[in-house]
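Q: Let me give you the structure first, and then I'll get to my questions.
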Amino acid sequence: MTTYKKDVQNNECPYCKGDGYFQLRLGGSETCACCSGSGRK
Ligand SMILES: [Zn+2]
């Protein structure tokens with residue numbers, strides 16, 4: 001397969017994938033410190 005490249009959205013935070021928060025394993029969510037919850041860089 002040669003379709004390796006993905007179209008990565010430029011301003012999307014790679015840490016939380018644009019969600020702005022993380023899902024915690026034990027439940028609930030935590031604001032992403034990388035983008036301060038905005039989901040963008
Ligand atoms: Zn983030």
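Please note that chains go A, B, ... in the order of the structure tokens, that every chain numbers its residues from 1, and that ligands are numbered from 1 in the order shown.
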Counting only C-alpha atoms and all ligand atoms, which residues of chain A fall within 6 Å of ligand 1, and what is the closest atom pair for each with its distance in Å at one decimal, ordered by chain and rising number, as JSON lines?
A:
{"residue": "A:Cys13", "atom": "CA", "partner": "ligand 1", "partner_atom_place_in_ligand_line": "1 (Zn)", "distance": 4.6}
{"residue": "A:Tyr15", "atom": "CA", "partner": "ligand 1", "partner_atom_place_in_ligand_line": "1 (Zn)", "distance": 4.9}
{"residue": "A:Cys16", "atom": "CA", "partner": "ligand 1", "partner_atom_place_in_ligand_line": "1 (Zn)", "distance": 4.2}
{"residue": "A:Gly18", "atom": "CA", "partner": "ligand 1", "partner_atom_place_in_ligand_line": "1 (Zn)", "distance": 6.0}
{"residue": "A:Gly20", "atom": "CA", "partner": "ligand 1", "partner_atom_place_in_ligand_line": "1 (Zn)", "distance": 4.6}
{"residue": "A:Cys32", "atom": "CA", "partner": "ligand 1", "partner_atom_place_in_ligand_line": "1 (Zn)", "distance": 4.6}
{"residue": "A:Cys34", "atom": "CA", "partner": "ligand 1", "partner_atom_place_in_ligand_line": "1 (Zn)", "distance": 4.8}
{"residue": "A:Cys35", "atom": "CA", "partner": "ligand 1", "partner_atom_place_in_ligand_line": "1 (Zn)", "distance": 4.2}
{"residue": "A:Gly39", "atom": "CA", "partner": "ligand 1", "partner_atom_place_in_ligand_line": "1 (Zn)", "distance": 4.7}
Q: Hey, what's within 7 Å of A:Glu12 if we count only C-alpha atoms and toss same-chain stuff fewer than 2 positions away? As a list in words, please?
A: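 Near A:Glu12, the qualifying residues are Gln9, Asn10, Pro14, Lys17, Gly18, Gly39, Arg40 and Lys41 of chain A.
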